[in-house]
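Undergrad: Input: one structure, supplied below.
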Amino acid sequence: MADDLDLALKVDVLAASLSLDRRESGDLLTLLAQKLKSGFPRNTQVERRLFGLGAVYTVTLCFDDYHYQVSRGQYGDLSAKVTKVVRGVKIKTTEMPTGEWSQQVAEALARLAVQNAEVRDALTRLVGG
C-alpha cells in the first residue's frame, strides 16, 4: 500500500513538473528535453533548430504503443499530441492541452515503472527522489 501511495505521489509530482507554461516554454522545453533524455535516453527524441545546435523545438517520448510529443511553435506557443502506434505504424494522432499531455506522460511512466526496475529508478531520479 505504501508503495502504491509513493508511486501515486511521484506521478503527481512528475505531472506537475512536466506542465508547460507558454511564457516559459523555451526554458521548460529545454529542461524537459534534458530530464527525459538523461532518464530515458532510448525513448526520448529531441529536435533542435539551427542544425541541431539551436533551441529545442520538439521533444518526443516513444514507447511501444504510444508516442508523446510536445513542440514549440515559431512564436513560442506549445502544441502537444499523442500518437497511437501499432507494429510500428502510426494509427491515430490526437492533439491535446499540454496539461492533459503531461498527465498522460506521467501515467505512462508510472505504468512502466511498475513493470521495470530500470524505468522505476529513472523515474525516481527524474522527480528528485
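Residues are named by chain letter and number: chains run A, B, ... in the order of the C-alpha cells, numbers start at 1 in each chain, and ligands are numbered from 1 in the order shown.
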If you count only C-alpha atoms, which residues fall within 10 Å of stretch 48-63 of chain A, apart from same-chain ones fewer than 2 positions away, as a PDB file with N, CA, C and O atoms, in the first residue's frame?
TA:
```
ATOM      1  N   SER A  25       8.025  28.587 -22.152  1.00  0.00           N
ATOM      2  CA  SER A  25       8.082  27.383 -22.973  1.00  0.00           C
ATOM      3  C   SER A  25       9.497  27.027 -23.398  1.00  0.00           C
ATOM      4  O   SER A  25       9.848  25.859 -23.445  1.00  0.00           O
ATOM      5  N   GLY A  26      10.321  28.014 -23.708  1.00  0.00           N
ATOM      6  CA  GLY A  26      11.684  27.725 -24.148  1.00  0.00           C
ATOM      7  C   GLY A  26      12.501  27.051 -23.072  1.00  0.00           C
ATOM      8  O   GLY A  26      13.083  25.990 -23.286  1.00  0.00           O
ATOM      9  N   ASP A  27      12.536  27.659 -21.894  1.00  0.00           N
ATOM     10  CA  ASP A  27      13.314  27.101 -20.795  1.00  0.00           C
ATOM     11  C   ASP A  27      12.760  25.750 -20.353  1.00  0.00           C
ATOM     12  O   ASP A  27      13.517  24.816 -20.116  1.00  0.00           O
ATOM     13  N   LEU A  28      11.450  25.642 -20.238  1.00  0.00           N
ATOM     14  CA  LEU A  28      10.856  24.390 -19.779  1.00  0.00           C
ATOM     15  C   LEU A  28      11.002  23.271 -20.801  1.00  0.00           C
ATOM     16  O   LEU A  28      11.231  22.121 -20.425  1.00  0.00           O
ATOM     17  N   LEU A  29      10.894  23.601 -22.059  1.00  0.00           N
ATOM     18  CA  LEU A  29      11.055  22.574 -23.086  1.00  0.00           C
ATOM     19  C   LEU A  29      12.497  22.057 -23.099  1.00  0.00           C
ATOM     20  O   LEU A  29      12.730  20.863 -23.226  1.00  0.00           O
ATOM     21  N   THR A  30      13.448  22.960 -22.923  1.00  0.00           N
ATOM     22  CA  THR A  30      14.855  22.557 -22.843  1.00  0.00           C
ATOM     23  C   THR A  30      15.095  21.697 -21.609  1.00  0.00           C
ATOM     24  O   THR A  30      15.756  20.659 -21.679  1.00  0.00           O
ATOM     25  N   LEU A  31      14.538  22.107 -20.465  1.00  0.00           N
ATOM     26  CA  LEU A  31      14.685  21.327 -19.234  1.00  0.00           C
ATOM     27  C   LEU A  31      14.023  19.960 -19.374  1.00  0.00           C
ATOM     28  O   LEU A  31      14.590  18.940 -18.981  1.00  0.00           O
ATOM     29  N   LEU A  32      12.843  19.936 -19.960  1.00  0.00           N
ATOM     30  CA  LEU A  32      12.143  18.674 -20.185  1.00  0.00           C
ATOM     31  C   LEU A  32      12.978  17.748 -21.065  1.00  0.00           C
ATOM     32  O   LEU A  32      13.117  16.559 -20.779  1.00  0.00           O
ATOM     33  N   ALA A  33      13.548  18.298 -22.130  1.00  0.00           N
ATOM     34  CA  ALA A  33      14.396  17.502 -23.026  1.00  0.00           C
ATOM     35  C   ALA A  33      15.586  16.920 -22.275  1.00  0.00           C
ATOM     36  O   ALA A  33      15.909  15.733 -22.412  1.00  0.00           O
ATOM     37  N   GLN A  34      16.239  17.731 -21.455  1.00  0.00           N
ATOM     38  CA  GLN A  34      17.402  17.259 -20.694  1.00  0.00           C
ATOM     39  C   GLN A  34      17.013  16.165 -19.712  1.00  0.00           C
ATOM     40  O   GLN A  34      17.690  15.141 -19.612  1.00  0.00           O
ATOM     41  N   LEU A  36      14.255  14.157 -19.637  1.00  0.00           N
ATOM     42  CA  LEU A  36      13.806  12.915 -20.265  1.00  0.00           C
ATOM     43  C   LEU A  36      14.948  12.208 -20.975  1.00  0.00           C
ATOM     44  O   LEU A  36      15.037  10.975 -20.931  1.00  0.00           O
ATOM     45  N   LYS A  37      15.829  12.953 -21.617  1.00  0.00           N
ATOM     46  CA  LYS A  37      16.967  12.343 -22.321  1.00  0.00           C
ATOM     47  C   LYS A  37      17.913  11.666 -21.332  1.00  0.00           C
ATOM     48  O   LYS A  37      18.435  10.590 -21.614  1.00  0.00           O
ATOM     49  N   PHE A  40      15.614   8.636 -19.766  1.00  0.00           N
ATOM     50  CA  PHE A  40      15.096   7.655 -20.717  1.00  0.00           C
ATOM     51  C   PHE A  40      15.739   7.869 -22.088  1.00  0.00           C
ATOM     52  O   PHE A  40      15.051   8.206 -23.056  1.00  0.00           O
ATOM     53  N   PRO A  41      17.052   7.686 -22.188  1.00  0.00           N
ATOM     54  CA  PRO A  41      17.756   8.032 -23.434  1.00  0.00           C
ATOM     55  C   PRO A  41      17.289   7.253 -24.659  1.00  0.00           C
ATOM     56  O   PRO A  41      17.272   7.800 -25.764  1.00  0.00           O
ATOM     57  N   ARG A  42      16.892   5.999 -24.480  1.00  0.00           N
ATOM     58  CA  ARG A  42      16.447   5.199 -25.624  1.00  0.00           C
ATOM     59  C   ARG A  42      15.049   5.560 -26.086  1.00  0.00           C
ATOM     60  O   ARG A  42      14.663   5.259 -27.206  1.00  0.00           O
ATOM     61  N   ASN A  43      14.279   6.203 -25.217  1.00  0.00           N
ATOM     62  CA  ASN A  43      12.885   6.511 -25.535  1.00  0.00           C
ATOM     63  C   ASN A  43      12.662   7.968 -25.942  1.00  0.00           C
ATOM     64  O   ASN A  43      11.565   8.320 -26.345  1.00  0.00           O
ATOM     65  N   THR A  44      13.667   8.804 -25.791  1.00  0.00           N
ATOM     66  CA  THR A  44      13.486  10.242 -25.983  1.00  0.00           C
ATOM     67  C   THR A  44      14.179  10.738 -27.244  1.00  0.00           C
ATOM     68  O   THR A  44      15.356  10.457 -27.463  1.00  0.00           O
ATOM     69  N   GLN A  45      13.423  11.480 -28.042  1.00  0.00           N
ATOM     70  CA  GLN A  45      13.973  12.129 -29.229  1.00  0.00           C
ATOM     71  C   GLN A  45      13.827  13.635 -29.038  1.00  0.00           C
ATOM     72  O   GLN A  45      12.753  14.117 -28.673  1.00  0.00           O
ATOM     73  N   VAL A  46      14.921  14.362 -29.279  1.00  0.00           N
ATOM     74  CA  VAL A  46      14.926  15.817 -29.127  1.00  0.00           C
ATOM     75  C   VAL A  46      15.310  16.426 -30.465  1.00  0.00           C
ATOM     76  O   VAL A  46      16.317  16.039 -31.053  1.00  0.00           O
ATOM     77  N   ASP A  65       3.482   1.431 -27.675  1.00  0.00           N
ATOM     78  CA  ASP A  65       2.134   1.699 -28.183  1.00  0.00           C
ATOM     79  C   ASP A  65       1.823   3.172 -28.425  1.00  0.00           C
ATOM     80  O   ASP A  65       0.912   3.493 -29.173  1.00  0.00           O
ATOM     81  N   TYR A  66       2.548   4.061 -27.751  1.00  0.00           N
ATOM     82  CA  TYR A  66       2.251   5.493 -27.851  1.00  0.00           C
ATOM     83  C   TYR A  66       3.520   6.320 -27.954  1.00  0.00           C
ATOM     84  O   TYR A  66       4.541   5.982 -27.350  1.00  0.00           O
ATOM     85  N   HIS A  67       3.425   7.410 -28.710  1.00  0.00           N
ATOM     86  CA  HIS A  67       4.490   8.408 -28.786  1.00  0.00           C
ATOM     87  C   HIS A  67       3.897   9.720 -28.286  1.00  0.00           C
ATOM     88  O   HIS A  67       2.863  10.168 -28.791  1.00  0.00           O
ATOM     89  N   TYR A  68       4.551  10.321 -27.286  1.00  0.00           N
ATOM     90  CA  TYR A  68       4.087  11.569 -26.684  1.00  0.00           C
ATOM     91  C   TYR A  68       5.000  12.691 -27.164  1.00  0.00           C
ATOM     92  O   TYR A  68       6.205  12.647 -26.940  1.00  0.00           O
ATOM     93  N   GLN A  69       4.420  13.713 -27.805  1.00  0.00           N
ATOM     94  CA  GLN A  69       5.235  14.775 -28.391  1.00  0.00           C
ATOM     95  C   GLN A  69       4.729  16.147 -27.960  1.00  0.00           C
ATOM     96  O   GLN A  69       3.521  16.398 -27.942  1.00  0.00           O
ATOM     97  N   VAL A  70       5.670  17.020 -27.620  1.00  0.00           N
ATOM     98  CA  VAL A  70       5.349  18.417 -27.346  1.00  0.00           C
ATOM     99  C   VAL A  70       6.294  19.258 -28.193  1.00  0.00           C
ATOM    100  O   VAL A  70       7.486  18.955 -28.301  1.00  0.00           O
ATOM    101  N   SER A  71       5.733  20.284 -28.839  1.00  0.00           N
ATOM    102  CA  SER A  71       6.513  21.118 -29.760  1.00  0.00           C
ATOM    103  C   SER A  71       6.268  22.592 -29.481  1.00  0.00           C
ATOM    104  O   SER A  71       5.170  22.989 -29.092  1.00  0.00           O
ATOM    105  N   ARG A  72       7.305  23.375 -29.722  1.00  0.00           N
ATOM    106  CA  ARG A  72       7.182  24.819 -29.599  1.00  0.00           C
ATOM    107  C   ARG A  72       7.061  25.406 -31.002  1.00  0.00           C
ATOM    108  O   ARG A  72       7.874  25.110 -31.881  1.00  0.00           O
ATOM    109  N   GLY A  73       6.040  26.229 -31.195  1.00  0.00           N
ATOM    110  CA  GLY A  73       5.841  26.871 -32.480  1.00  0.00           C
ATOM    111  C   GLY A  73       6.765  28.066 -32.667  1.00  0.00           C
ATOM    112  O   GLY A  73       7.550  28.426 -31.786  1.00  0.00           O
ATOM    113  N   GLN A  74       6.652  28.695 -33.797  1.00  0.00           N
ATOM    114  CA  GLN A  74       7.500  29.817 -34.167  1.00  0.00           C
ATOM    115  C   GLN A  74       7.388  30.980 -33.175  1.00  0.00           C
ATOM    116  O   GLN A  74       8.354  31.683 -32.926  1.00  0.00           O
ATOM    117  N   GLY A  76       6.448  30.713 -29.901  1.00  0.00           N
ATOM    118  CA  GLY A  76       6.516  30.264 -28.519  1.00  0.00           C
ATOM    119  C   GLY A  76       5.324  29.482 -28.027  1.00  0.00           C
ATOM    120  O   GLY A  76       5.334  28.995 -26.901  1.00  0.00           O
ATOM    121  N   LEU A  78       2.866  26.356 -27.531  1.00  0.00           N
ATOM    122  CA  LEU A  78       3.145  24.932 -27.412  1.00  0.00           C
ATOM    123  C   LEU A  78       1.988  24.117 -27.963  1.00  0.00           C
ATOM    124  O   LEU A  78       0.826  24.480 -27.800  1.00  0.00           O
ATOM    125  N   SER A  79       2.330  23.006 -28.584  1.00  0.00           N
ATOM    126  CA  SER A  79       1.315  22.046 -29.005  1.00  0.00           C
ATOM    127  C   SER A  79       1.760  20.677 -28.517  1.00  0.00           C
ATOM    128  O   SER A  79       2.942  20.357 -28.523  1.00  0.00           O
ATOM    129  N   ALA A  80       0.794  19.908 -28.059  1.00  0.00           N
ATOM    130  CA  ALA A  80       1.081  18.573 -27.539  1.00  0.00           C
ATOM    131  C   ALA A  80       0.192  17.577 -28.255  1.00  0.00           C
ATOM    132  O   ALA A  80      -0.954  17.872 -28.585  1.00  0.00           O
ATOM    133  N   LYS A  81       0.754  16.404 -28.499  1.00  0.00           N
ATOM    134  CA  LYS A  81      -0.033  15.364 -29.147  1.00  0.00           C
ATOM    135  C   LYS A  81       0.451  13.990 -28.724  1.00  0.00           C
ATOM    136  O   LYS A  81       1.586  13.813 -28.303  1.00  0.00           O
ATOM    137  N   VAL A  82      -0.456  13.041 -28.856  1.00  0.00           N
ATOM    138  CA  VAL A  82      -0.175  11.641 -28.561  1.00  0.00           C
ATOM    139  C   VAL A  82      -0.510  10.845 -29.813  1.00  0.00           C
ATOM    140  O   VAL A  82      -1.570  11.024 -30.404  1.00  0.00           O
ATOM    141  N   THR A  83       0.415   9.978 -30.215  1.00  0.00           N
ATOM    142  CA  THR A  83       0.210   9.154 -31.401  1.00  0.00           C
ATOM    143  C   THR A  83       0.142   7.689 -30.995  1.00  0.00           C
ATOM    144  O   THR A  83       1.027   7.189 -30.308  1.00  0.00           O
ATOM    145  N   LYS A  84      -0.927   7.020 -31.406  1.00  0.00           N
ATOM    146  CA  LYS A  84      -1.089   5.583 -31.183  1.00  0.00           C
ATOM    147  C   LYS A  84      -0.315   4.861 -32.271  1.00  0.00           C
ATOM    148  O   LYS A  84      -0.456   5.164 -33.458  1.00  0.00           O
ATOM    149  N   VAL A  85       0.527   3.891 -31.872  1.00  0.00           N
ATOM    150  CA  VAL A  85       1.364   3.147 -32.810  1.00  0.00           C
ATOM    151  C   VAL A  85       1.074   1.661 -32.668  1.00  0.00           C
ATOM    152  O   VAL A  85       1.050   1.123 -31.557  1.00  0.00           O
ATOM    153  N   VAL A 105       1.689  11.469 -19.902  1.00  0.00           N
ATOM    154  CA  VAL A 105       3.097  11.047 -19.869  1.00  0.00           C
ATOM    155  C   VAL A 105       3.445  10.509 -18.491  1.00  0.00           C
ATOM    156  O   VAL A 105       4.062   9.444 -18.358  1.00  0.00           O
ATOM    157  N   ALA A 108       1.899   7.103 -18.030  1.00  0.00           N
ATOM    158  CA  ALA A 108       2.589   6.085 -18.831  1.00  0.00           C
ATOM    159  C   ALA A 108       3.905   5.689 -18.170  1.00  0.00           C
ATOM    160  O   ALA A 108       4.244   4.497 -18.106  1.00  0.00           O
ATOM    161  N   LEU A 109       4.644   6.669 -17.667  1.00  0.00           N
ATOM    162  CA  LEU A 109       5.910   6.372 -16.989  1.00  0.00           C
ATOM    163  C   LEU A 109       5.668   5.585 -15.703  1.00  0.00           C
ATOM    164  O   LEU A 109       6.418   4.662 -15.384  1.00  0.00           O
ATOM    165  N   LEU A 112       4.960   1.951 -16.583  1.00  0.00           N
ATOM    166  CA  LEU A 112       6.207   1.270 -16.933  1.00  0.00           C
ATOM    167  C   LEU A 112       7.063   1.010 -15.700  1.00  0.00           C
ATOM    168  O   LEU A 112       7.738  -0.014 -15.609  1.00  0.00           O
TER     169      LEU A 112
END
```
